[in-house]
file final_24.cif (mmCIF, C-alpha atoms)
data_entry
loop_
_atom_site.label_atom_id
_atom_site.label_comp_id
_atom_site.auth_asym_id
_atom_site.auth_seq_id
_atom_site.Cartn_x
_atom_site.Cartn_y
_atom_site.Cartn_z
CA MET M 1 278.93 128.02 150.80
CA THR M 2 278.94 124.22 150.84
CA LYS M 3 278.97 122.03 147.74
CA ASN M 4 275.25 121.33 147.96
CA GLU M 5 274.37 124.96 148.54
CA PHE M 6 276.46 125.97 145.56
CA LEU M 7 274.93 123.34 143.26
CA ASP M 8 271.35 124.08 144.42
CA LYS M 9 271.85 127.80 143.87
CA LEU M 10 273.40 127.21 140.45
CA GLU M 11 270.60 124.86 139.48
CA SER M 12 267.86 127.33 140.44
CA GLU M 13 269.68 130.15 138.59
CA LEU M 14 270.04 128.00 135.48
CA LYS M 15 266.37 127.03 135.61
CA LYS M 16 265.47 130.69 136.05
CA ASN M 17 267.43 131.54 132.91
CA GLY M 18 265.71 128.75 130.98
CA ILE M 19 268.89 126.79 130.25
CA GLU M 20 268.36 123.34 128.80
CA ASP M 21 270.21 120.29 130.14
CA ALA M 22 271.06 121.98 133.44
CA ALA M 23 271.87 118.50 134.75
CA ASP M 24 274.78 118.25 132.31
CA ILE M 25 276.22 121.55 133.51
CA LEU M 26 275.74 120.64 137.17
CA GLY M 27 277.56 117.38 136.47
CA GLU M 28 280.65 119.32 135.36
CA TYR M 29 280.66 121.40 138.55
CA GLU M 30 280.05 118.34 140.70
CA GLU M 31 283.04 116.69 139.07
CA HIS M 32 285.07 119.83 139.74
CA PHE M 33 284.17 119.59 143.45
CA ALA M 34 285.13 115.91 143.49
CA PHE M 35 288.60 116.59 142.04
CA LYS M 36 289.24 119.53 144.33
CA LEU M 37 288.03 117.65 147.42
CA ALA M 38 290.40 114.84 146.54
CA ASP M 39 293.21 117.41 146.49
CA GLY M 40 292.33 118.38 150.04
CA PHE M 41 290.42 121.63 149.58
CA THR M 42 287.33 122.34 151.67
CA GLU M 43 283.93 122.78 150.04
CA GLU M 44 283.89 126.47 151.03
CA GLU M 45 287.27 127.11 149.42
CA ILE M 46 286.24 125.37 146.21
CA ALA M 47 282.92 127.17 146.00
CA SER M 48 284.49 130.60 146.50
CA LYS M 49 287.15 129.89 143.84
CA LEU M 50 284.46 128.80 141.38
CA GLY M 51 282.72 132.15 141.53
CA LYS M 52 279.17 133.27 142.30
CA PRO M 53 276.48 130.84 141.01
CA ALA M 54 274.32 133.69 139.68
CA GLU M 55 277.24 135.13 137.67
CA LEU M 56 278.18 131.71 136.32
CA ALA M 57 274.58 130.96 135.33
CA ALA M 58 274.45 134.33 133.55
CA GLN M 59 277.43 133.30 131.43
CA PHE M 60 275.52 130.26 130.27
CA GLU M 61 272.59 132.48 129.52
CA ASN M 62 274.70 134.37 126.99
CA GLU M 63 275.04 131.28 124.85
CA LYS M 64 271.52 129.90 124.66
CA PRO M 65 269.00 132.14 126.37
CA GLY M 66 265.54 130.60 126.59
CA GLU M 67 263.77 133.89 126.08
CA LYS M 68 265.82 134.87 123.05
CA ARG M 69 265.15 131.51 121.47
CA GLY M 70 261.41 131.94 122.02
CA GLY M 71 261.69 135.40 120.49
CA ARG M 72 263.58 134.00 117.53
CA LYS M 73 260.89 131.43 116.94
CA PHE M 74 258.27 134.17 117.06
CA THR M 75 260.11 136.36 114.51
CA THR M 76 260.64 133.30 112.31
CA VAL M 77 256.92 132.55 112.33
CA ILE M 78 256.05 136.18 111.49
CA GLY M 79 258.72 136.27 108.76
CA LEU M 80 257.46 133.01 107.27
CA ILE M 81 253.84 134.17 107.27
CA ILE M 82 254.82 137.28 105.29
CA THR M 83 257.06 135.30 102.93
CA ASP M 84 254.40 132.64 102.45
CA PHE M 85 251.79 135.25 101.65
CA PHE M 86 253.82 136.62 98.74
CA ALA M 87 254.99 133.17 97.70
CA LEU M 88 251.35 132.02 97.61
CA ILE M 89 250.48 134.87 95.23
CA CYS M 90 253.44 133.92 93.04
CA PHE M 91 252.42 130.26 93.00
CA VAL M 92 248.80 131.14 92.11
CA LEU M 93 250.06 133.29 89.22
CA LEU M 94 252.45 130.60 88.05
CA TRP M 95 249.71 127.94 88.14
CA ALA M 96 247.42 130.34 86.26
CA TRP M 97 250.12 130.50 83.59
CA GLU M 98 250.15 126.71 83.52
CA VAL M 99 246.37 126.72 82.95
CA ILE M 100 246.78 129.27 80.14
CA MET M 101 249.45 127.11 78.53
CA ALA M 102 247.21 124.04 78.80
CA ALA M 103 244.31 125.97 77.24
CA ALA M 104 246.59 127.14 74.41
CA THR M 105 247.66 123.53 73.85
CA VAL M 106 244.05 122.38 73.56
CA GLY M 107 243.33 125.36 71.26
CA PHE M 108 246.24 124.54 68.97
CA GLY M 109 245.13 120.91 68.82
CA ALA M 110 241.54 121.84 67.95
CA LEU M 111 242.72 124.28 65.27
CA ALA M 112 244.98 121.62 63.75
CA ALA M 113 242.10 119.08 63.67
CA CYS M 114 239.72 121.58 62.05
CA LEU M 115 242.26 122.64 59.42
CA ILE M 116 243.14 119.08 58.47
CA CYS M 117 239.55 117.81 58.47
CA GLY M 118 238.36 120.91 56.60
CA LEU M 119 235.92 121.89 59.35
CA ASN M 120 235.17 125.53 59.95
CA TYR M 121 232.73 125.96 62.80
CA ARG M 122 230.88 129.30 62.44
CA SER M 123 233.59 130.46 60.00
CA LEU M 124 235.95 131.14 62.92
CA ILE M 125 238.93 130.19 60.76
CA PRO M 126 239.63 132.71 57.98
CA PRO M 127 238.97 131.34 54.48
CA MET M 128 241.80 129.65 52.59
CA PRO M 129 242.22 126.82 50.10
CA TYR M 130 242.09 123.37 51.76
CA TRP M 131 245.71 122.40 51.02
CA CYS M 132 247.08 125.62 52.47
CA GLY M 133 244.99 125.00 55.57
CA ALA M 134 246.15 121.39 55.80
CA ILE M 135 249.83 122.43 55.81
CA PHE M 136 249.10 125.01 58.49
CA GLY M 137 247.23 122.22 60.28
CA LEU M 138 250.39 120.09 60.32
CA SER M 139 252.37 123.00 61.75
CA PHE M 140 249.75 123.37 64.48
CA ILE M 141 250.03 119.66 65.34
CA ALA M 142 253.74 120.29 65.91
CA LEU M 143 252.93 123.40 67.96
CA THR M 144 250.45 121.38 70.05
CA ILE M 145 253.15 118.86 70.87
CA LEU M 146 255.62 121.65 71.69
CA ALA M 147 253.10 123.36 73.98
CA ALA M 148 252.23 120.04 75.65
CA VAL M 149 255.90 119.39 76.41
CA GLY M 150 256.11 122.93 77.77
CA CYS M 151 253.06 122.27 80.00
CA ILE M 152 254.49 119.04 81.36
CA TYR M 153 257.89 120.55 82.10
CA PHE M 154 256.44 123.71 83.60
CA ALA M 155 254.10 121.69 85.84
CA ALA M 156 257.01 119.54 87.00
CA TYR M 157 259.06 122.68 87.63
CA LEU M 158 256.28 124.33 89.66
CA ARG M 159 255.71 121.20 91.68
CA GLN M 160 259.41 120.99 92.50
CA LEU M 161 259.53 124.71 93.32
CA MET M 162 256.67 124.25 95.80
CA ARG M 163 258.37 121.24 97.38
CA SER M 164 261.59 123.21 97.69
CA PHE M 165 259.73 126.10 99.26
CA ALA M 166 257.96 123.78 101.70
CA ARG M 167 261.34 122.36 102.73
CA PHE M 168 262.65 125.90 103.22
CA ASN M 169 259.68 126.61 105.49
CA HIS M 170 260.26 123.42 107.44
CA ASN M 171 263.97 124.12 107.88
CA ALA M 172 263.43 127.72 108.94
CA MET M 173 261.08 126.53 111.69
CA ALA M 174 263.39 123.65 112.62
CA SER M 175 266.44 125.85 113.03
CA ALA M 176 264.45 128.43 115.01
CA SER M 177 263.22 125.79 117.45
CA GLY M 178 266.46 123.80 117.57
CA ARG M 179 265.22 120.73 115.69
CA PRO M 180 267.48 119.06 113.11
CA VAL M 181 267.50 120.65 109.67
CA LEU M 182 266.81 118.50 106.58
CA PRO M 183 268.86 118.86 103.38
CA PRO M 184 267.39 121.45 100.98
CA VAL M 185 265.36 120.28 97.98
CA PRO M 186 266.70 121.39 94.56
CA THR M 187 264.47 123.84 92.66
CA TYR M 188 264.83 122.12 89.27
CA PRO M 189 262.55 119.17 88.49
CA GLN M 190 264.26 115.87 89.14
CA LEU M 191 262.83 114.00 86.15
CA PRO M 192 264.23 110.58 85.29
CA ALA M 193 267.01 110.89 82.68
CA LYS M 194 264.99 108.89 80.13
CA MET M 195 261.93 111.10 80.48
CA ARG M 196 264.09 114.22 80.27
CA ARG M 197 265.67 112.99 77.02
CA THR M 198 262.28 112.07 75.55
CA LEU M 199 260.80 115.45 76.40
CA ARG M 200 263.81 117.24 74.90
CA GLN M 201 263.59 115.20 71.70
CA PHE M 202 259.85 115.84 71.37
CA ALA M 203 260.43 119.55 71.91
CA LEU M 204 263.24 119.82 69.36
CA VAL M 205 261.51 117.74 66.67
CA SER M 206 258.17 119.50 67.10
CA LEU M 207 259.86 122.93 67.05
CA ALA M 208 261.63 122.07 63.79
CA ALA M 209 258.44 120.58 62.29
CA PHE M 210 256.45 123.66 63.31
CA ALA M 211 258.98 126.02 61.71
CA VAL M 212 259.20 124.02 58.47
CA CYS M 213 255.42 123.47 58.09
CA PHE M 214 254.56 127.05 58.99
CA VAL M 215 257.01 128.54 56.47
CA LEU M 216 255.87 125.98 53.89
CA GLY M 217 252.22 126.92 54.55
CA MET M 218 253.06 130.62 54.06
CA ILE M 219 254.84 129.90 50.77
CA VAL M 220 252.05 127.67 49.43
CA SER M 221 249.47 130.28 50.44
CA MET M 222 251.41 133.08 48.74
CA LEU M 223 251.71 131.00 45.58
CA SER M 224 248.06 130.02 45.48
CA ALA M 225 246.90 133.61 46.21
CA HIS M 226 249.43 135.07 43.76
CA ALA M 227 250.26 137.68 46.39
CA LEU M 228 252.82 138.13 49.17
CA GLY M 229 250.08 139.34 51.48
CA PHE M 230 247.77 136.38 50.87
CA TRP M 231 245.71 137.35 53.89
CA HIS M 232 244.68 140.51 52.04
CA ALA M 233 244.02 138.61 48.83
CA TRP M 234 241.64 136.31 50.73
CA GLY M 235 240.04 139.20 52.54
CA TRP M 236 240.88 137.97 56.05
CA PHE M 237 240.49 141.41 57.60
CA GLY M 238 237.29 142.38 55.83
CA TYR M 239 238.81 143.99 52.80
CA THR M 240 241.05 142.95 49.92
CA GLY M 241 244.27 144.87 49.72
CA LEU M 242 244.35 144.21 45.99
CA ASN M 243 241.49 146.58 45.25
CA MET I 1 292.97 142.94 134.78
CA ASN I 2 289.67 143.52 133.01
CA THR I 3 287.60 140.32 133.07
CA GLN I 4 285.79 141.03 129.80
CA TYR I 5 289.11 141.45 128.10
CA LYS I 6 290.41 138.16 129.43
CA LYS I 7 287.31 136.19 128.53
CA GLY I 8 287.80 136.89 124.85
CA VAL I 9 291.24 135.30 124.93
CA LEU I 10 290.21 132.36 127.10
CA GLU I 11 288.51 130.57 124.22
CA LEU I 12 291.77 130.73 122.29
CA CYS I 13 293.67 129.34 125.30
CA VAL I 14 291.24 126.42 125.58
CA LEU I 15 291.76 125.64 121.89
CA ALA I 16 295.55 125.88 122.34
CA LEU I 17 295.43 123.34 125.17
CA LEU I 18 293.14 120.96 123.30
CA LYS I 19 295.35 121.22 120.21
CA LYS I 20 298.00 119.36 122.21
CA ARG I 21 295.75 116.66 123.65
CA ASP I 22 292.18 115.84 124.63
CA CYS I 23 291.29 116.86 128.17
CA TYR I 24 288.40 116.56 130.60
CA GLY I 25 286.73 119.66 131.97
CA TYR I 26 288.57 119.82 135.28
CA GLU I 27 291.98 119.57 133.60
CA ILE I 28 291.17 122.53 131.40
CA SER I 29 289.88 124.51 134.36
CA GLU I 30 293.06 123.79 136.36
CA TYR I 31 295.34 124.57 133.44
CA LEU I 32 293.73 127.93 132.81
CA SER I 33 293.47 129.02 136.44
CA ASN I 34 297.15 128.16 136.89
CA HIS I 35 298.10 130.49 134.05
CA ILE I 36 295.47 133.19 134.20
CA ASP I 37 293.72 134.74 137.18
CA ILE I 38 290.07 133.79 136.66
CA ALA I 39 287.30 132.22 138.73
CA ASP I 40 287.50 128.42 138.31
CA GLY I 41 283.86 128.19 137.26
CA THR I 42 284.27 130.44 134.22
CA VAL I 43 285.75 127.68 132.07
CA TYR I 44 282.59 125.56 131.93
CA PRO I 45 280.40 128.14 130.18
CA ILE I 46 283.22 128.62 127.65
CA LEU I 47 283.48 124.88 126.99
CA ARG I 48 279.75 124.69 126.49
CA LYS I 49 279.75 127.61 124.08
CA LEU I 50 282.64 126.19 122.06
CA LYS I 51 280.82 122.87 121.89
CA SER I 52 277.58 124.46 120.67
CA ASP I 53 279.64 126.39 118.08
CA GLY I 54 280.84 123.02 116.77
CA VAL I 55 284.48 123.80 117.59
CA LEU I 56 284.69 121.13 120.28
CA ALA I 57 283.31 117.61 120.53
CA THR I 58 282.93 115.48 123.65
CA TYR I 59 283.22 111.79 124.31
CA LEU I 60 283.05 109.66 127.43
CA GLN I 61 286.01 107.55 128.48
CA GLU I 62 286.14 104.96 131.23
CA GLU I 63 288.66 105.67 133.96
CA SER I 64 290.15 103.00 136.23
CA GLY I 65 288.28 103.07 139.53
CA GLY I 66 285.84 105.86 138.79
CA PRO I 67 282.91 107.03 136.72
CA PRO I 68 283.53 107.72 133.00
CA ARG I 69 284.93 111.19 132.31
CA LYS I 70 283.76 113.58 129.64
CA TYR I 71 286.70 114.43 127.38
CA TYR I 72 286.83 117.42 125.09
CA SER I 73 288.54 117.30 121.70
CA LEU I 74 288.97 119.70 118.78
CA THR I 75 286.80 119.10 115.73
CA GLU I 76 288.10 119.78 112.20
CA LEU I 77 286.38 123.15 112.42
CA GLY I 78 288.06 123.67 115.77
CA LYS I 79 291.52 123.07 114.30
CA LYS I 80 290.87 125.57 111.52
CA THR I 81 289.40 128.07 113.96
CA TYR I 82 292.44 127.72 116.19
CA GLN I 83 294.89 128.32 113.33
CA ASN I 84 293.00 131.41 112.20
CA ASP I 85 292.36 132.88 115.63
CA ARG I 86 295.91 132.23 116.79
CA ALA I 87 297.44 134.04 113.80
CA GLU I 88 294.94 136.85 114.21
CA TYR I 89 295.61 137.21 117.91
CA LEU I 90 299.41 137.15 117.59
CA ASP I 91 299.21 139.75 114.85
CA PHE I 92 296.94 141.90 116.99
CA ALA I 93 299.08 141.47 120.10
CA LYS I 94 302.20 142.44 118.16
CA SER I 95 300.56 145.64 116.91
CA ILE I 96 299.44 146.56 120.42
CA ARG I 97 302.85 145.78 121.82
CA ASP I 98 304.57 147.94 119.22
CA LEU I 99 302.13 150.72 119.94
CA LEU I 100 302.55 150.55 123.71
CA GLU I 101 306.35 150.30 123.60
CA ASP I 102 306.44 153.22 121.26
CA ASP I 103 304.47 155.15 123.89
CA ASN I 104 307.03 154.11 126.52
CA ASP I 105 309.91 155.73 124.63
CA ASP I 106 308.43 159.22 124.72
#
call {"tool": "encode", "arguments": {"input": "final_24.cif", "output": "structure tokens"}}
result
Amino acid sequence: MTKNEFLDKLESELKKNGIEDAADILGEYEEHFAFKLADGFTEEEIASKLGKPAELAAQFENEKPGEKRGGRKFTTVIGLIITDFFALICFVLLWAWEVIMAAATVGFGALAACLICGLNYRSLIPPMPYWCGAIFGLSFIALTILAAVGCIYFAAYLRQLMRSFARFNHNAMASASGRPVLPPVPTYPQLPAKMRRTLRQFALVSLAAFAVCFVLGMIVSMLSAHALGFWHAWGWFGYTGLN
Amino acid sequence: MNTQYKKGVLELCVLALLKKRDCYGYEISEYLSNHIDIADGTVYPILRKLKSDGVLATYLQEESGGPPRKYYSLTELGKKTYQNDRAEYLDFAKSIRDLLEDDNDD
């Protein structure tokens, strides 16, 4: 086999096996021929010492087979579709929880406003003396702030989680198809340090204010109803436990 | 000697050579075929595999009176891999040797 025959055969075998950059590989063998020819070997001798082109091409196939890579991409796509399906359900549920938290926040705020302003639309709020209600109202203002902070943080967390998951998807596809992989995105929200501090302070202060005002409201209610179970004294559940 | 058996050790031999100095493909091929009985062409698939594993890196260097040559060098990972694999292989070879010599005595 001459040099050209050897290289042509090797090239067609490499192409058949779907090897990328066959030119690079052929370059190495061409260089090998050049060195050996300079040492005085004939092309036939060199080619026979190199080995059979088909066998050599098969050894390259072991490293990066075109078919296997295609198969890997296929399994990655299937795997991602299944993962994404369940992840989508999780994200919908998590966002639903965010909506519930937002609704609770609005509810707490409305309750606080009604209690403080002495409004009682359709007697939805159980009867109690105004000052007891006002103290409970203050505690619900604090709870509103606490819930709002929770909403903001949870929304930021979910958003970051989705970004991180999108990056995971991208990287899985990239590594399956041989494209460069990007650095992973952290799952925790990357809020600016100042905002993080502010949120934490709001949360702590409102939690403390809620606890203090709520306990204070209970005590004032008990005193004004002259009963530990003031809710019974005021007939909140349709009967008075005092009777 | 069994070719499959030899091929496993060839990677280690390539690393051992490149530990000493950077070489171009033909040098490695010559070095190995002088020491071990293999087809000359077998070295190139091994070099390519080691490179795609990140154990080897390549760079081009101008040669006087010729086209630039592709040199192979060990990466940091390659150096670590060589240390590990070398110790592992020597350990393994010693065990086999002990076992076979023990067999000889009977």
call {"tool": "resolve_selection", "arguments": {"input": "final_24.cif", "expression": "the PyMOL selection byres ((chain I and resi 26-29) around 8)", "output": "PDB file with C-alpha atoms, in the coordinates of the input"}}
result
ATOM      1  CA  GLU M  28     280.650 119.320 135.360  1.00  0.00           C
ATOM      2  CA  GLU M  31     283.040 116.690 139.070  1.00  0.00           C
ATOM      3  CA  HIS M  32     285.070 119.830 139.740  1.00  0.00           C
ATOM      4  CA  PHE M  35     288.600 116.590 142.040  1.00  0.00           C
TER       5      PHE M  35
ATOM      6  CA  VAL I  14     291.240 126.420 125.580  1.00  0.00           C
ATOM      7  CA  LEU I  17     295.430 123.340 125.170  1.00  0.00           C
ATOM      8  CA  CYS I  23     291.290 116.860 128.170  1.00  0.00           C
ATOM      9  CA  TYR I  24     288.400 116.560 130.600  1.00  0.00           C
ATOM     10  CA  GLY I  25     286.730 119.660 131.970  1.00  0.00           C
ATOM     11  CA  GLU I  30     293.060 123.790 136.360  1.00  0.00           C
ATOM     12  CA  TYR I  31     295.340 124.570 133.440  1.00  0.00           C
ATOM     13  CA  LEU I  32     293.730 127.930 132.810  1.00  0.00           C
ATOM     14  CA  SER I  33     293.470 129.020 136.440  1.00  0.00           C
ATOM     15  CA  ASP I  40     287.500 128.420 138.310  1.00  0.00           C
ATOM     16  CA  GLY I  41     283.860 128.190 137.260  1.00  0.00           C
ATOM     17  CA  VAL I  43     285.750 127.680 132.070  1.00  0.00           C
ATOM     18  CA  TYR I  44     282.590 125.560 131.930  1.00  0.00           C
TER      19      TYR I  44
END
call {"tool": "closest_residue", "arguments": {"input": "final_24.cif", "among": "M:Ile46, M:Ile100, M:Ala58, M:Ile145", "to": "Leu14 (chain M)", "atoms": "only C-alpha atoms"}}
result
M:Ala58
call {"tool": "closest_residue", "arguments": {"input": "final_24.cif", "among": "M:Ser12, M:Ser221, M:Asn120, M:Thr83", "to": "Phe165 (chain M)", "atoms": "only C-alpha atoms"}}
result
M:Thr83
call {"tool": "closest_atom_pairs", "arguments": {"input": "final_24.cif", "of": "chain M", "to": "chain I", "cutoff": "9 Å", "atoms": "only C-alpha atoms", "output": "CSV"}}
result
residue,atom,partner,partner_atom,distance
M:Ile25,CA,I:Tyr44,CA,7.7
M:Glu28,CA,I:Gly25,CA,7.0
M:Tyr29,CA,I:Gly41,CA,7.6
M:Glu31,CA,I:Tyr26,CA,7.4
M:His32,CA,I:Tyr26,CA,5.7
M:Phe35,CA,I:Tyr26,CA,7.5
M:Ile46,CA,I:Asp40,CA,8.6
M:Ala47,CA,I:Gly41,CA,8.8
M:Ser48,CA,I:Ala39,CA,8.4
M:Lys49,CA,I:Ala39,CA,5.6
M:Leu50,CA,I:Gly41,CA,4.2
M:Gly51,CA,I:Ala39,CA,5.4
M:Lys52,CA,I:Gly41,CA,8.6
M:Pro53,CA,I:Gly41,CA,8.7
M:Leu56,CA,I:Thr42,CA,6.6
M:Ala57,CA,I:Pro45,CA,8.3
M:Gln59,CA,I:Pro45,CA,6.1
M:Phe60,CA,I:Pro45,CA,5.3
M:Glu61,CA,I:Pro45,CA,9.0
M:Asn62,CA,I:Lys49,CA,8.9
M:Glu63,CA,I:Lys49,CA,6.0
M:Lys64,CA,I:Lys49,CA,8.6
call {"tool": "resolve_selection", "arguments": {"input": "final_24.cif", "expression": "the PyMOL selection byres ((chain M and resi 208) around 12)", "output": "list in words"}}
result
Leu138, Ser139, Phe140, Ile141, Ala142, Leu143, Ile145, Leu146, Gln201, Phe202, Ala203, Leu204, Val205, Ser206, Leu207, Ala209, Phe210, Ala211, Val212, Cys213, Phe214 and Val215 of chain M
call {"tool": "residues_around", "arguments": {"input": "final_24.cif", "residues": "Ser164 (chain M)", "least_positions_apart": "5", "cutoff": "10 Å", "atoms": "only C-alpha atoms", "output": "list in words"}}
result
Leu158, Arg159, Asn169, His170, Pro184, Val185, Pro186, Thr187 and Tyr188 of chain M
call {"tool": "atom_distance", "arguments": {"input": "final_24.cif", "atom1": "CA of Gly229 (chain M)", "atom2": "CA of Thr105 (chain M)"}}
result
27.5 Å
call {"tool": "resolve_selection", "arguments": {"input": "final_24.cif", "expression": "the PyMOL selection byres ((chain I and resi 80) around 12)", "output": "list in words"}}
result
Leu12, Leu15, Ala16, Lys19, Gly54, Val55, Leu56, Leu74, Thr75, Glu76, Leu77, Gly78, Lys79, Thr81, Tyr82, Gln83, Asn84, Asp85, Arg86 and Ala87 of chain I
call {"tool": "atom_distance", "arguments": {"input": "final_24.cif", "atom1": "CA of Glu45 (chain M)", "atom2": "CA of Thr2 (chain M)"}}
result
8.9 Å
call {"tool": "residues_around", "arguments": {"input": "final_24.cif", "residues": "Phe237 (chain M)", "least_positions_apart": "5", "cutoff": "10 Å", "atoms": "all atoms listed in the file", "output": "list of chain:residue names"}}
result
M:Pro126, M:Trp231, M:His232
call {"tool": "atom_distance", "arguments": {"input": "final_24.cif", "atom1": "CA of Leu10 (chain I)", "atom2": "CA of Leu47 (chain I)"}}
result
10.1 Å
call {"tool": "closest_residue", "arguments": {"input": "final_24.cif", "among": "M:Leu191, M:Ala155, M:Leu182, M:Gly137", "to": "Arg167 (chain M)", "atoms": "only C-alpha atoms"}}
result
M:Leu182
call {"tool": "closest_residue", "arguments": {"input": "final_24.cif", "among": "M:Val149, M:Leu80, M:Leu199, M:Cys117", "to": "Ala102 (chain M)", "atoms": "only C-alpha atoms"}}
result
M:Val149
call {"tool": "build_atoms", "arguments": {"input": "final_24.cif", "residues": "region 80-101 of chain I", "atoms": "N, CA and C atoms", "output": "PDB file, in the coordinates of the input"}}
result
ATOM      1  N   LYS I  80     290.785 124.418 112.439  1.00  0.00           N
ATOM      2  CA  LYS I  80     290.870 125.570 111.520  1.00  0.00           C
ATOM      3  C   LYS I  80     290.702 126.865 112.300  1.00  0.00           C
ATOM      4  N   THR I  81     289.671 126.880 113.170  1.00  0.00           N
ATOM      5  CA  THR I  81     289.400 128.070 113.960  1.00  0.00           C
ATOM      6  C   THR I  81     290.620 128.458 114.776  1.00  0.00           C
ATOM      7  N   TYR I  82     291.266 127.445 115.369  1.00  0.00           N
ATOM      8  CA  TYR I  82     292.440 127.720 116.190  1.00  0.00           C
ATOM      9  C   TYR I  82     293.548 128.356 115.358  1.00  0.00           C
ATOM     10  N   GLN I  83     293.826 127.766 114.188  1.00  0.00           N
ATOM     11  CA  GLN I  83     294.890 128.320 113.330  1.00  0.00           C
ATOM     12  C   GLN I  83     294.611 129.784 113.002  1.00  0.00           C
ATOM     13  N   ASN I  84     293.374 130.046 112.578  1.00  0.00           N
ATOM     14  CA  ASN I  84     293.000 131.410 112.200  1.00  0.00           C
ATOM     15  C   ASN I  84     293.111 132.371 113.368  1.00  0.00           C
ATOM     16  N   ASP I  85     292.448 131.985 114.480  1.00  0.00           N
ATOM     17  CA  ASP I  85     292.360 132.880 115.630  1.00  0.00           C
ATOM     18  C   ASP I  85     293.733 133.129 116.234  1.00  0.00           C
ATOM     19  N   ARG I  86     294.573 132.094 116.223  1.00  0.00           N
ATOM     20  CA  ARG I  86     295.910 132.230 116.790  1.00  0.00           C
ATOM     21  C   ARG I  86     296.711 133.264 115.990  1.00  0.00           C
ATOM     22  N   ALA I  87     296.709 133.098 114.665  1.00  0.00           N
ATOM     23  CA  ALA I  87     297.440 134.040 113.800  1.00  0.00           C
ATOM     24  C   ALA I  87     296.900 135.457 114.004  1.00  0.00           C
ATOM     25  N   GLU I  88     295.574 135.545 114.047  1.00  0.00           N
ATOM     26  CA  GLU I  88     294.940 136.850 114.210  1.00  0.00           C
ATOM     27  C   GLU I  88     295.339 137.493 115.534  1.00  0.00           C
ATOM     28  N   TYR I  89     295.308 136.666 116.587  1.00  0.00           N
ATOM     29  CA  TYR I  89     295.610 137.210 117.910  1.00  0.00           C
ATOM     30  C   TYR I  89     297.069 137.653 118.001  1.00  0.00           C
ATOM     31  N   LEU I  90     297.993 136.821 117.505  1.00  0.00           N
ATOM     32  CA  LEU I  90     299.410 137.150 117.590  1.00  0.00           C
ATOM     33  C   LEU I  90     299.703 138.441 116.817  1.00  0.00           C
ATOM     34  N   ASP I  91     299.065 138.557 115.671  1.00  0.00           N
ATOM     35  CA  ASP I  91     299.210 139.750 114.850  1.00  0.00           C
ATOM     36  C   ASP I  91     298.741 140.990 115.620  1.00  0.00           C
ATOM     37  N   PHE I  92     297.554 140.822 116.216  1.00  0.00           N
ATOM     38  CA  PHE I  92     296.940 141.900 116.990  1.00  0.00           C
ATOM     39  C   PHE I  92     297.823 142.277 118.182  1.00  0.00           C
ATOM     40  N   ALA I  93     298.273 141.232 118.898  1.00  0.00           N
ATOM     41  CA  ALA I  93     299.080 141.470 120.100  1.00  0.00           C
ATOM     42  C   ALA I  93     300.374 142.187 119.742  1.00  0.00           C
ATOM     43  N   LYS I  94     300.946 141.816 118.596  1.00  0.00           N
ATOM     44  CA  LYS I  94     302.200 142.440 118.160  1.00  0.00           C
ATOM     45  C   LYS I  94     301.973 143.935 117.893  1.00  0.00           C
ATOM     46  N   SER I  95     300.868 144.229 117.207  1.00  0.00           N
ATOM     47  CA  SER I  95     300.560 145.640 116.910  1.00  0.00           C
ATOM     48  C   SER I  95     300.423 146.427 118.193  1.00  0.00           C
ATOM     49  N   ILE I  96     299.674 145.866 119.160  1.00  0.00           N
ATOM     50  CA  ILE I  96     299.440 146.560 120.420  1.00  0.00           C
ATOM     51  C   ILE I  96     300.763 146.762 121.162  1.00  0.00           C
ATOM     52  N   ARG I  97     301.565 145.712 121.136  1.00  0.00           N
ATOM     53  CA  ARG I  97     302.850 145.780 121.820  1.00  0.00           C
ATOM     54  C   ARG I  97     303.728 146.879 121.235  1.00  0.00           C
ATOM     55  N   ASP I  98     303.802 146.898 119.906  1.00  0.00           N
ATOM     56  CA  ASP I  98     304.570 147.940 119.220  1.00  0.00           C
ATOM     57  C   ASP I  98     304.071 149.323 119.633  1.00  0.00           C
ATOM     58  N   LEU I  99     302.755 149.436 119.634  1.00  0.00           N
ATOM     59  CA  LEU I  99     302.130 150.720 119.940  1.00  0.00           C
ATOM     60  C   LEU I  99     302.450 151.164 121.364  1.00  0.00           C
ATOM     61  N   LEU I 100     302.332 150.207 122.311  1.00  0.00           N
ATOM     62  CA  LEU I 100     302.550 150.550 123.710  1.00  0.00           C
ATOM     63  C   LEU I 100     304.005 150.834 124.004  1.00  0.00           C
ATOM     64  N   GLU I 101     304.921 150.075 123.381  1.00  0.00           N
ATOM     65  CA  GLU I 101     306.350 150.300 123.600  1.00  0.00           C
ATOM     66  C   GLU I 101     306.794 151.617 123.000  1.00  0.00           C
TER      67      GLU I 101
END
